[in-house]
Structure formats: C-alpha cells, structure tokens
Amino acid sequence: MVEIRYVQKTDKTFWYQMDQHLPEVEFENKVRTRRGYVILKDSEPIGLLRYNLFWDNTPFCTMLYINEKFRGRGYGSQLMEYWERDMKNQGYGMLLTSTQVDEPAQHFYRKSGYKDCGGLILDIPKYAQPMEMFLVKEI
C-alpha cells in the first residue's frame, strides 16, 4: 500500500537521512507551509519531495528523492504526479524543477513531460558544480 502525505514534524529523522541540504529552520518551514511530501510504502517512508515558490508565484521542485532500494518501481513518478495535482488544485498552471546536467534525473523529468528551459552555471570555487539545468511543465 502506497500513501503520500504532507511532511510532518515526526518525519524529521527520516527526512534528514535522505536530505542533508535543508537547514533545520527550513524543515520546520516545510512542515508549517506544507511544501514537502513523504511517500510511504506499507507505512514505511521511502521518499520525499520538497518545493519552493520561484518568483514567489511558480512552484519549483527543489528535491525529489526515493530511497535507492525502491528506485525504478514508479514511486518517484507517483510522488511527482501527486505534487503536480496538488499544485494544479491550488491554482498553479506551470511548474519548474532542476537537476545537474551530469545527473540522470533529467531523463526522468523529460519522461514526465518536462521540457528544458535553461541553465545556470556556478563558477565560484566554493560553490562550483556542473551546470544546473531547468525544466518546465504546464499543468
């Protein structure tokens, strides 16, 4: 049985096993603003999705992560589709996400109907990384 729900304070330990990038104050913010989701299989959390509002008006998925042993079984697609429906129900018409060009997630997003729409190059030594590519989808 698969369940998807908004992140709760009780998810904190699980969340930080998957997502070491989110400051604690932002975790609390995700719980309060309902801008994070947890997917559970047989009551066990197996993945998460978090988002922000780009330009303060466009939902932007900042992380989608499924536990490695559950990948390739459609759970990421279920979580993404759940988020897309939730955003559409809230009145949004467009979504954004991003991934580094050297990561395979770009193929997942394209398969999910997202289109390439630009990139960002960070060449400041402390923050340098491969190009971050942005993808967009109308909902």
# chains A, B, ... in the order shown; residues from 1 in each chain; ligands from 1
$ closest_atom_pairs --of "stretch 50-114 of chain A" --to "stretch 119-128 of chain A" --cutoff "12 Å" --atoms "only C-alpha atoms" --output "tab-separated table"
residue	atom	partner	partner_atom	distance
A:Thr97	CA	A:Gly119	CA	11.1
A:Ser98	CA	A:Gly119	CA	8.6
A:Thr99	CA	A:Gly119	CA	9.4
A:Gln100	CA	A:Gly119	CA	9.0
A:Val101	CA	A:Gly119	CA	9.0
$ select_by_dssp --residues "chain A" --states "helix (DSSP H, G or I)" --output "short mmCIF file (atom, residue, chain, number, x, y, z; two decimals) with all heavy atoms, in the first residue's frame"
data_model
loop_
_atom_site.label_atom_id
_atom_site.label_comp_id
_atom_site.auth_asym_id
_atom_site.auth_seq_id
_atom_site.Cartn_x
_atom_site.Cartn_y
_atom_site.Cartn_z
N LYS A 9 6.30 16.93 11.47
CA LYS A 9 7.46 17.05 12.38
C LYS A 9 8.04 15.68 12.71
O LYS A 9 9.25 15.53 12.86
CB LYS A 9 7.07 17.77 13.66
CG LYS A 9 6.88 19.25 13.49
CD LYS A 9 6.59 19.93 14.81
CE LYS A 9 6.39 21.42 14.56
NZ LYS A 9 6.22 22.16 15.81
N THR A 10 7.19 14.67 12.83
CA THR A 10 7.65 13.33 13.19
C THR A 10 8.48 12.68 12.07
O THR A 10 9.09 11.64 12.30
CB THR A 10 6.45 12.42 13.53
OG1 THR A 10 5.52 12.44 12.44
CG2 THR A 10 5.76 12.91 14.80
N ASP A 11 8.51 13.28 10.89
CA ASP A 11 9.30 12.76 9.77
C ASP A 11 10.75 13.25 9.80
O ASP A 11 11.53 12.89 8.92
CB ASP A 11 8.69 13.19 8.43
CG ASP A 11 7.32 12.58 8.19
OD1 ASP A 11 7.16 11.38 8.45
OD2 ASP A 11 6.43 13.32 7.74
N LYS A 12 11.12 14.05 10.76
CA LYS A 12 12.42 14.72 10.75
C LYS A 12 13.60 13.76 10.64
O LYS A 12 14.50 13.97 9.82
CB LYS A 12 12.56 15.59 12.01
CG LYS A 12 13.78 16.47 11.98
CD LYS A 12 13.79 17.41 13.18
CE LYS A 12 14.95 18.36 13.10
NZ LYS A 12 14.91 19.33 14.22
N THR A 13 13.62 12.70 11.41
CA THR A 13 14.73 11.75 11.35
C THR A 13 14.84 11.13 9.96
O THR A 13 15.92 11.10 9.36
CB THR A 13 14.58 10.65 12.41
OG1 THR A 13 14.58 11.28 13.70
CG2 THR A 13 15.73 9.65 12.34
N PHE A 14 13.71 10.67 9.43
CA PHE A 14 13.71 10.10 8.07
C PHE A 14 14.16 11.15 7.06
O PHE A 14 15.00 10.87 6.20
CB PHE A 14 12.32 9.58 7.70
CG PHE A 14 12.18 9.35 6.22
CD1 PHE A 14 12.80 8.26 5.62
CD2 PHE A 14 11.48 10.24 5.42
CE1 PHE A 14 12.71 8.06 4.25
CE2 PHE A 14 11.38 10.05 4.05
CZ PHE A 14 11.99 8.95 3.46
N TRP A 15 13.60 12.35 7.16
CA TRP A 15 13.90 13.41 6.19
C TRP A 15 15.41 13.63 6.08
O TRP A 15 15.97 13.68 4.99
CB TRP A 15 13.19 14.70 6.58
CG TRP A 15 13.21 15.72 5.50
CD1 TRP A 15 14.23 16.56 5.16
CD2 TRP A 15 12.17 15.98 4.56
NE1 TRP A 15 13.89 17.35 4.10
CE2 TRP A 15 12.62 17.01 3.70
CE3 TRP A 15 10.89 15.46 4.37
CZ2 TRP A 15 11.84 17.53 2.68
CZ3 TRP A 15 10.11 15.98 3.35
CH2 TRP A 15 10.58 17.00 2.51
N TYR A 16 16.07 13.75 7.23
CA TYR A 16 17.50 14.05 7.21
C TYR A 16 18.37 12.86 6.85
O TYR A 16 19.55 13.02 6.55
CB TYR A 16 17.93 14.72 8.52
CG TYR A 16 17.55 16.18 8.50
CD1 TYR A 16 16.43 16.64 9.18
CD2 TYR A 16 18.27 17.09 7.74
CE1 TYR A 16 16.06 17.98 9.12
CE2 TYR A 16 17.91 18.42 7.66
CZ TYR A 16 16.80 18.86 8.36
OH TYR A 16 16.43 20.18 8.28
N GLN A 17 17.80 11.67 6.78
CA GLN A 17 18.53 10.53 6.21
C GLN A 17 18.60 10.67 4.70
O GLN A 17 19.52 10.19 4.06
CB GLN A 17 17.82 9.21 6.57
CG GLN A 17 17.92 8.85 8.02
CD GLN A 17 17.04 7.66 8.38
OE1 GLN A 17 16.26 7.16 7.57
NE2 GLN A 17 17.14 7.23 9.62
N MET A 18 17.60 11.34 4.12
CA MET A 18 17.52 11.50 2.67
C MET A 18 18.04 12.86 2.19
O MET A 18 18.51 12.98 1.07
CB MET A 18 16.05 11.39 2.19
CG MET A 18 15.33 10.13 2.57
SD MET A 18 15.89 8.72 1.60
CE MET A 18 16.48 7.66 2.90
N GLU A 24 17.68 23.18 9.32
CA GLU A 24 16.59 22.79 10.23
C GLU A 24 15.45 23.81 10.24
O GLU A 24 14.29 23.42 10.28
CB GLU A 24 17.11 22.57 11.64
CG GLU A 24 17.78 21.23 11.78
CD GLU A 24 17.94 20.79 13.22
OE1 GLU A 24 17.01 21.00 14.03
OE2 GLU A 24 19.00 20.23 13.52
N VAL A 25 15.77 25.09 10.18
CA VAL A 25 14.71 26.10 10.19
C VAL A 25 13.83 25.95 8.95
O VAL A 25 12.62 26.18 9.00
CB VAL A 25 15.28 27.53 10.35
CG1 VAL A 25 16.07 27.95 9.11
CG2 VAL A 25 14.19 28.53 10.64
N GLU A 26 14.42 25.53 7.85
CA GLU A 26 13.65 25.32 6.62
C GLU A 26 12.81 24.04 6.69
O GLU A 26 11.74 23.97 6.10
CB GLU A 26 14.54 25.30 5.39
CG GLU A 26 14.92 26.69 4.93
CD GLU A 26 13.70 27.57 4.64
OE1 GLU A 26 12.78 27.16 3.91
OE2 GLU A 26 13.66 28.67 5.18
N PHE A 27 13.30 23.03 7.42
CA PHE A 27 12.46 21.84 7.62
C PHE A 27 11.19 22.24 8.35
O PHE A 27 10.08 21.85 7.95
CB PHE A 27 13.21 20.75 8.41
CG PHE A 27 12.33 19.57 8.73
CD1 PHE A 27 12.07 18.61 7.77
CD2 PHE A 27 11.73 19.45 9.97
CE1 PHE A 27 11.24 17.53 8.05
CE2 PHE A 27 10.90 18.39 10.27
CZ PHE A 27 10.65 17.43 9.31
N GLU A 28 11.34 23.01 9.41
CA GLU A 28 10.16 23.48 10.16
C GLU A 28 9.23 24.29 9.24
O GLU A 28 8.01 24.19 9.33
CB GLU A 28 10.58 24.32 11.37
CG GLU A 28 11.42 23.56 12.37
CD GLU A 28 10.70 22.40 13.04
OE1 GLU A 28 9.46 22.49 13.23
OE2 GLU A 28 11.36 21.39 13.36
N ASN A 29 9.82 25.09 8.37
CA ASN A 29 9.05 25.88 7.42
C ASN A 29 8.28 24.97 6.45
O ASN A 29 7.12 25.24 6.12
CB ASN A 29 9.97 26.84 6.67
CG ASN A 29 9.23 27.81 5.80
OD1 ASN A 29 8.18 28.33 6.17
ND2 ASN A 29 9.76 28.06 4.62
N LYS A 30 8.92 23.90 5.97
CA LYS A 30 8.25 22.96 5.06
C LYS A 30 7.04 22.32 5.74
O LYS A 30 5.99 22.14 5.12
CB LYS A 30 9.21 21.87 4.57
CG LYS A 30 10.36 22.36 3.75
CD LYS A 30 9.93 22.94 2.43
CE LYS A 30 11.12 23.43 1.64
NZ LYS A 30 10.77 24.49 0.74
N VAL A 31 7.20 21.97 7.01
CA VAL A 31 6.09 21.38 7.76
C VAL A 31 4.96 22.40 7.89
O VAL A 31 3.79 22.11 7.59
CB VAL A 31 6.55 20.90 9.15
CG1 VAL A 31 5.36 20.50 10.02
CG2 VAL A 31 7.55 19.75 9.02
N ARG A 32 5.30 23.61 8.29
CA ARG A 32 4.29 24.65 8.53
C ARG A 32 3.56 25.07 7.26
O ARG A 32 2.35 25.24 7.25
CB ARG A 32 4.98 25.87 9.19
CG ARG A 32 4.03 26.97 9.60
CD ARG A 32 4.73 28.09 10.37
NE ARG A 32 6.07 28.42 9.94
CZ ARG A 32 6.37 29.16 8.88
NH1 ARG A 32 5.42 29.65 8.13
NH2 ARG A 32 7.63 29.41 8.56
N THR A 33 4.31 25.21 6.15
CA THR A 33 3.71 25.69 4.89
C THR A 33 3.22 24.57 3.98
O THR A 33 2.68 24.84 2.91
CB THR A 33 4.73 26.55 4.11
OG1 THR A 33 5.88 25.75 3.79
CG2 THR A 33 5.13 27.78 4.90
N GLU A 68 17.17 4.44 -2.41
CA GLU A 68 17.78 3.69 -3.51
C GLU A 68 17.17 2.31 -3.74
O GLU A 68 16.97 1.88 -4.87
CB GLU A 68 19.29 3.56 -3.25
CG GLU A 68 20.07 3.25 -4.49
CD GLU A 68 21.57 3.43 -4.29
OE1 GLU A 68 21.98 4.47 -3.76
OE2 GLU A 68 22.29 2.49 -4.67
N LYS A 69 16.83 1.60 -2.67
CA LYS A 69 16.31 0.25 -2.86
C LYS A 69 14.88 0.22 -3.41
O LYS A 69 14.39 -0.83 -3.80
CB LYS A 69 16.40 -0.57 -1.56
CG LYS A 69 15.47 -0.17 -0.45
CD LYS A 69 15.70 -1.06 0.76
CE LYS A 69 14.68 -0.76 1.84
NZ LYS A 69 14.83 -1.65 2.99
N PHE A 70 14.24 1.38 -3.51
CA PHE A 70 12.89 1.46 -4.06
C PHE A 70 12.84 2.16 -5.42
O PHE A 70 11.76 2.35 -5.99
CB PHE A 70 11.96 2.20 -3.08
CG PHE A 70 11.73 1.42 -1.81
CD1 PHE A 70 12.48 1.70 -0.68
CD2 PHE A 70 10.80 0.40 -1.76
CE1 PHE A 70 12.28 0.99 0.50
CE2 PHE A 70 10.59 -0.32 -0.60
CZ PHE A 70 11.34 -0.03 0.54
N TYR A 75 7.71 4.84 -7.90
CA TYR A 75 7.37 5.66 -6.73
C TYR A 75 7.69 7.13 -6.96
O TYR A 75 6.94 8.01 -6.52
CB TYR A 75 8.08 5.15 -5.48
CG TYR A 75 7.67 3.75 -5.11
CD1 TYR A 75 8.59 2.71 -5.10
CD2 TYR A 75 6.35 3.45 -4.78
CE1 TYR A 75 8.22 1.41 -4.77
CE2 TYR A 75 5.96 2.16 -4.45
CZ TYR A 75 6.90 1.15 -4.45
OH TYR A 75 6.53 -0.13 -4.13
N GLY A 76 8.78 7.42 -7.65
CA GLY A 76 9.12 8.81 -7.97
C GLY A 76 8.05 9.43 -8.85
O GLY A 76 7.65 10.58 -8.64
N SER A 77 7.58 8.69 -9.83
CA SER A 77 6.51 9.18 -10.71
C SER A 77 5.23 9.43 -9.93
O SER A 77 4.56 10.45 -10.13
CB SER A 77 6.24 8.19 -11.83
OG SER A 77 7.36 8.08 -12.68
N GLN A 78 4.88 8.52 -9.03
CA GLN A 78 3.68 8.71 -8.21
C GLN A 78 3.79 9.97 -7.37
O GLN A 78 2.83 10.74 -7.26
CB GLN A 78 3.46 7.51 -7.30
CG GLN A 78 3.00 6.27 -8.01
CD GLN A 78 2.80 5.12 -7.03
OE1 GLN A 78 2.11 5.25 -6.04
NE2 GLN A 78 3.44 3.99 -7.32
N LEU A 79 4.95 10.19 -6.78
CA LEU A 79 5.15 11.36 -5.93
C LEU A 79 5.10 12.64 -6.75
O LEU A 79 4.46 13.62 -6.35
CB LEU A 79 6.48 11.22 -5.18
CG LEU A 79 6.82 12.26 -4.13
CD1 LEU A 79 5.69 12.45 -3.12
CD2 LEU A 79 8.11 11.86 -3.41
N MET A 80 5.74 12.63 -7.90
CA MET A 80 5.73 13.81 -8.78
C MET A 80 4.31 14.11 -9.26
O MET A 80 3.87 15.27 -9.24
CB MET A 80 6.67 13.56 -9.96
CG MET A 80 7.06 14.79 -10.70
SD MET A 80 8.22 15.73 -9.68
CE MET A 80 8.68 16.97 -10.84
N GLU A 81 3.57 13.10 -9.66
CA GLU A 81 2.19 13.30 -10.13
C GLU A 81 1.30 13.82 -9.01
O GLU A 81 0.42 14.65 -9.24
CB GLU A 81 1.64 11.99 -10.70
CG GLU A 81 2.30 11.61 -12.01
CD GLU A 81 2.04 10.16 -12.43
OE1 GLU A 81 1.22 9.47 -11.77
OE2 GLU A 81 2.66 9.73 -13.43
N TYR A 82 1.52 13.34 -7.80
CA TYR A 82 0.76 13.81 -6.64
C TYR A 82 1.00 15.31 -6.43
O TYR A 82 0.07 16.08 -6.24
CB TYR A 82 1.16 13.02 -5.39
CG TYR A 82 0.33 13.33 -4.18
CD1 TYR A 82 -0.80 12.58 -3.89
CD2 TYR A 82 0.68 14.36 -3.31
CE1 TYR A 82 -1.57 12.86 -2.77
CE2 TYR A 82 -0.08 14.65 -2.19
CZ TYR A 82 -1.21 13.89 -1.92
OH TYR A 82 -1.97 14.18 -0.81
N TRP A 83 2.28 15.70 -6.48
CA TRP A 83 2.64 17.12 -6.32
C TRP A 83 2.01 17.95 -7.43
O TRP A 83 1.45 19.01 -7.18
CB TRP A 83 4.16 17.27 -6.32
CG TRP A 83 4.64 18.68 -6.29
CD1 TRP A 83 4.44 19.59 -5.29
CD2 TRP A 83 5.40 19.35 -7.30
NE1 TRP A 83 5.05 20.79 -5.62
CE2 TRP A 83 5.64 20.67 -6.84
CE3 TRP A 83 5.92 18.97 -8.53
CZ2 TRP A 83 6.36 21.60 -7.58
CZ3 TRP A 83 6.64 19.89 -9.27
CH2 TRP A 83 6.85 21.19 -8.79
N GLU A 84 2.10 17.47 -8.67
CA GLU A 84 1.53 18.20 -9.80
C GLU A 84 0.03 18.41 -9.62
O GLU A 84 -0.49 19.51 -9.85
CB GLU A 84 1.82 17.45 -11.11
CG GLU A 84 3.28 17.48 -11.49
CD GLU A 84 3.61 16.55 -12.66
OE1 GLU A 84 2.71 15.81 -13.13
OE2 GLU A 84 4.78 16.56 -13.09
N ARG A 85 -0.68 17.36 -9.19
CA ARG A 85 -2.14 17.50 -8.96
C ARG A 85 -2.42 18.50 -7.84
O ARG A 85 -3.33 19.32 -7.94
CB ARG A 85 -2.76 16.15 -8.61
CG ARG A 85 -3.06 15.28 -9.80
CD ARG A 85 -3.93 14.09 -9.43
NE ARG A 85 -3.41 13.28 -8.34
CZ ARG A 85 -2.50 12.33 -8.46
NH1 ARG A 85 -1.99 12.03 -9.65
NH2 ARG A 85 -2.09 11.66 -7.40
N ASP A 86 -1.63 18.41 -6.77
CA ASP A 86 -1.82 19.33 -5.65
C ASP A 86 -1.59 20.77 -6.10
O ASP A 86 -2.37 21.67 -5.75
CB ASP A 86 -0.86 18.96 -4.51
CG ASP A 86 -1.21 19.63 -3.19
OD1 ASP A 86 -2.36 20.09 -3.01
OD2 ASP A 86 -0.32 19.70 -2.32
N MET A 87 -0.56 21.00 -6.91
CA MET A 87 -0.29 22.36 -7.39
C MET A 87 -1.39 22.84 -8.33
O MET A 87 -1.82 23.99 -8.25
CB MET A 87 1.07 22.41 -8.09
CG MET A 87 2.28 22.13 -7.18
SD MET A 87 2.42 23.25 -5.75
CE MET A 87 1.60 22.33 -4.46
N LYS A 88 -1.89 21.98 -9.18
CA LYS A 88 -2.99 22.35 -10.07
C LYS A 88 -4.24 22.68 -9.26
O LYS A 88 -4.92 23.67 -9.53
CB LYS A 88 -3.27 21.22 -11.06
CG LYS A 88 -4.30 21.61 -12.10
CD LYS A 88 -4.39 20.59 -13.21
CE LYS A 88 -5.34 21.15 -14.26
NZ LYS A 88 -5.10 20.57 -15.56
N ASN A 89 -4.53 21.87 -8.23
CA ASN A 89 -5.68 22.13 -7.37
C ASN A 89 -5.55 23.44 -6.61
O ASN A 89 -6.56 24.06 -6.25
CB ASN A 89 -5.90 20.98 -6.39
CG ASN A 89 -6.39 19.72 -7.07
OD1 ASN A 89 -6.94 19.77 -8.17
ND2 ASN A 89 -6.19 18.59 -6.42
N ALA A 105 18.59 12.33 -13.55
CA ALA A 105 17.22 12.78 -13.27
C ALA A 105 16.61 13.54 -14.45
O ALA A 105 15.39 13.54 -14.62
CB ALA A 105 17.21 13.65 -12.02
N GLN A 106 17.44 14.17 -15.28
CA GLN A 106 16.90 14.92 -16.42
C GLN A 106 16.05 14.02 -17.31
O GLN A 106 15.03 14.45 -17.84
CB GLN A 106 18.03 15.56 -17.23
CG GLN A 106 19.01 14.58 -17.81
CD GLN A 106 20.16 15.25 -18.52
OE1 GLN A 106 19.95 15.86 -19.56
NE2 GLN A 106 21.35 15.15 -17.96
N HIS A 107 16.42 12.76 -17.44
CA HIS A 107 15.66 11.83 -18.28
C HIS A 107 14.30 11.50 -17.64
O HIS A 107 13.29 11.41 -18.32
CB HIS A 107 16.47 10.56 -18.54
CG HIS A 107 17.84 10.86 -19.08
ND1 HIS A 107 18.03 11.47 -20.30
CD2 HIS A 107 19.07 10.66 -18.55
CE1 HIS A 107 19.33 11.62 -20.51
NE2 HIS A 107 19.98 11.15 -19.46
N PHE A 108 14.30 11.35 -16.32
CA PHE A 108 13.05 11.13 -15.58
C PHE A 108 12.10 12.31 -15.79
O PHE A 108 10.92 12.12 -16.08
CB PHE A 108 13.36 10.94 -14.09
CG PHE A 108 12.14 11.01 -13.21
CD1 PHE A 108 11.29 9.92 -13.08
CD2 PHE A 108 11.84 12.18 -12.51
CE1 PHE A 108 10.17 9.99 -12.27
CE2 PHE A 108 10.73 12.26 -11.70
CZ PHE A 108 9.89 11.16 -11.58
N TYR A 109 12.62 13.53 -15.65
CA TYR A 109 11.76 14.71 -15.79
C TYR A 109 11.22 14.84 -17.21
O TYR A 109 10.04 15.15 -17.40
CB TYR A 109 12.50 15.97 -15.36
CG TYR A 109 12.79 16.01 -13.88
CD1 TYR A 109 14.08 16.19 -13.40
CD2 TYR A 109 11.76 15.87 -12.95
CE1 TYR A 109 14.33 16.23 -12.04
CE2 TYR A 109 12.01 15.89 -11.59
CZ TYR A 109 13.30 16.07 -11.14
OH TYR A 109 13.55 16.10 -9.79
N ARG A 110 12.06 14.61 -18.20
CA ARG A 110 11.58 14.69 -19.59
C ARG A 110 10.50 13.64 -19.85
O ARG A 110 9.49 13.92 -20.49
CB ARG A 110 12.74 14.53 -20.56
CG ARG A 110 13.66 15.73 -20.61
CD ARG A 110 14.70 15.57 -21.70
NE ARG A 110 15.74 16.58 -21.56
CZ ARG A 110 17.02 16.31 -21.28
NH1 ARG A 110 17.42 15.06 -21.11
NH2 ARG A 110 17.89 17.29 -21.17
N LYS A 111 10.71 12.43 -19.34
CA LYS A 111 9.72 11.36 -19.49
C LYS A 111 8.41 11.74 -18.80
O LYS A 111 7.34 11.32 -19.22
CB LYS A 111 10.28 10.06 -18.89
CG LYS A 111 9.42 8.85 -19.10
CD LYS A 111 10.10 7.61 -18.54
CE LYS A 111 9.19 6.41 -18.60
NZ LYS A 111 9.79 5.24 -17.97
N PRO A 125 34.46 29.23 -6.94
CA PRO A 125 35.11 28.00 -6.49
C PRO A 125 34.43 27.26 -5.33
O PRO A 125 34.26 26.05 -5.41
CB PRO A 125 36.52 28.47 -6.10
CG PRO A 125 36.77 29.63 -7.02
CD PRO A 125 35.42 30.32 -7.13
N LYS A 126 34.01 27.95 -4.32
CA LYS A 126 33.39 27.28 -3.17
C LYS A 126 32.05 26.62 -3.53
O LYS A 126 31.62 25.68 -2.88
CB LYS A 126 33.19 28.30 -2.04
CG LYS A 126 32.64 27.70 -0.77
CD LYS A 126 32.53 28.74 0.32
CE LYS A 126 31.89 28.15 1.56
NZ LYS A 126 31.73 29.14 2.62
N TYR A 127 31.39 27.11 -4.58
CA TYR A 127 30.06 26.63 -4.95
C TYR A 127 30.01 25.99 -6.34
O TYR A 127 28.94 25.63 -6.82
CB TYR A 127 29.06 27.79 -4.91
CG TYR A 127 29.01 28.44 -3.55
CD1 TYR A 127 29.70 29.62 -3.30
CD2 TYR A 127 28.29 27.87 -2.51
CE1 TYR A 127 29.67 30.22 -2.05
CE2 TYR A 127 28.27 28.45 -1.26
CZ TYR A 127 28.96 29.63 -1.03
OH TYR A 127 28.94 30.21 0.20
#
$ residues_around --residues "A:Gly36" --least-positions-apart "2" --cutoff "8 Å" --atoms "only C-alpha atoms" --output "compact mmCIF listing (two decimals) with all heavy atoms, in the first residue's frame"
# COMPACT_ATOMS: atom_id res chain seq x y z
N TYR A 6 1.61 15.19 3.32
CA TYR A 6 2.50 16.30 3.64
C TYR A 6 3.48 15.89 4.74
O TYR A 6 3.15 15.08 5.61
CB TYR A 6 1.70 17.51 4.12
CG TYR A 6 0.85 18.14 3.06
CD1 TYR A 6 -0.54 18.07 3.13
CD2 TYR A 6 1.41 18.81 1.97
CE1 TYR A 6 -1.34 18.66 2.16
CE2 TYR A 6 0.62 19.39 0.99
CZ TYR A 6 -0.75 19.30 1.10
OH TYR A 6 -1.54 19.87 0.12
N VAL A 7 4.68 16.46 4.68
CA VAL A 7 5.69 16.18 5.69
C VAL A 7 5.19 16.65 7.05
O VAL A 7 4.49 17.66 7.17
CB VAL A 7 7.04 16.85 5.32
CG1 VAL A 7 6.94 18.36 5.25
CG2 VAL A 7 8.13 16.42 6.29
N LYS A 30 8.92 23.90 5.97
CA LYS A 30 8.25 22.96 5.06
C LYS A 30 7.04 22.32 5.74
O LYS A 30 5.99 22.14 5.12
CB LYS A 30 9.21 21.87 4.57
CG LYS A 30 10.36 22.36 3.75
CD LYS A 30 9.93 22.94 2.43
CE LYS A 30 11.12 23.43 1.64
NZ LYS A 30 10.77 24.49 0.74
N VAL A 31 7.20 21.97 7.01
CA VAL A 31 6.09 21.38 7.76
C VAL A 31 4.96 22.40 7.89
O VAL A 31 3.79 22.11 7.59
CB VAL A 31 6.55 20.90 9.15
CG1 VAL A 31 5.36 20.50 10.02
CG2 VAL A 31 7.55 19.75 9.02
N ARG A 34 3.44 23.32 4.41
CA ARG A 34 3.03 22.14 3.61
C ARG A 34 3.70 22.13 2.24
O ARG A 34 3.08 21.86 1.23
CB ARG A 34 1.51 22.09 3.50
CG ARG A 34 0.86 21.97 4.87
CD ARG A 34 -0.62 22.16 4.82
NE ARG A 34 -1.24 21.01 4.16
CZ ARG A 34 -2.52 20.74 4.20
NH1 ARG A 34 -3.34 21.52 4.85
NH2 ARG A 34 -3.01 19.69 3.57
N VAL A 38 5.97 13.24 1.87
CA VAL A 38 6.64 11.97 2.13
C VAL A 38 5.80 10.89 1.47
O VAL A 38 4.57 10.91 1.55
CB VAL A 38 6.76 11.71 3.65
CG1 VAL A 38 7.30 10.32 3.92
CG2 VAL A 38 7.65 12.76 4.30
N LEU A 48 10.83 11.44 -0.61
CA LEU A 48 10.35 12.78 -0.27
C LEU A 48 10.40 13.69 -1.48
O LEU A 48 11.10 13.42 -2.46
CB LEU A 48 11.17 13.37 0.87
CG LEU A 48 12.68 13.53 0.66
CD1 LEU A 48 13.01 14.86 0.00
CD2 LEU A 48 13.39 13.43 1.98
N LEU A 49 9.64 14.75 -1.40
CA LEU A 49 9.67 15.83 -2.39
C LEU A 49 9.50 17.11 -1.62
O LEU A 49 8.66 17.21 -0.72
CB LEU A 49 8.53 15.67 -3.41
CG LEU A 49 8.48 16.69 -4.55
CD1 LEU A 49 7.86 16.05 -5.80
CD2 LEU A 49 7.71 17.94 -4.20
N ARG A 50 10.32 18.10 -1.97
CA ARG A 50 10.15 19.43 -1.38
C ARG A 50 10.16 20.46 -2.50
O ARG A 50 10.72 20.24 -3.57
CB ARG A 50 11.20 19.75 -0.33
CG ARG A 50 12.62 19.81 -0.79
CD ARG A 50 13.51 20.30 0.36
NE ARG A 50 14.88 19.90 0.27
CZ ARG A 50 15.83 20.60 -0.33
NH1 ARG A 50 15.54 21.71 -0.97
NH2 ARG A 50 17.08 20.17 -0.32
N TYR A 51 9.50 21.61 -2.23
CA TYR A 51 9.45 22.66 -3.24
C TYR A 51 9.39 24.03 -2.58
O TYR A 51 9.10 24.16 -1.40
CB TYR A 51 8.26 22.45 -4.19
CG TYR A 51 6.91 22.81 -3.61
CD1 TYR A 51 6.33 24.05 -3.85
CD2 TYR A 51 6.20 21.90 -2.85
CE1 TYR A 51 5.10 24.38 -3.33
CE2 TYR A 51 4.97 22.22 -2.33
CZ TYR A 51 4.41 23.46 -2.57
OH TYR A 51 3.18 23.78 -2.03
$ closest_residue --among "A:Gln8, A:Tyr92, A:Val2, A:Pro23" --to "A:Arg73" --atoms "only C-alpha atoms"
A:Val2
$ select_by_dssp --residues "stretch 7-139 of chain A" --states "strand (DSSP E)" --output "ChimeraX atom specification"
/A:36-41,44-54,58-66,94-100,115-120,132-138
$ closest_residue --among "A:Arg71, A:Glu103, A:Asn52, A:Tyr65" --to "A:Pro130" --atoms "only C-alpha atoms"
A:Glu103
$ atom_distance --atom1 "atom CA of A:Thr58" --atom2 "atom CA of A:Leu95"
6.2 Å
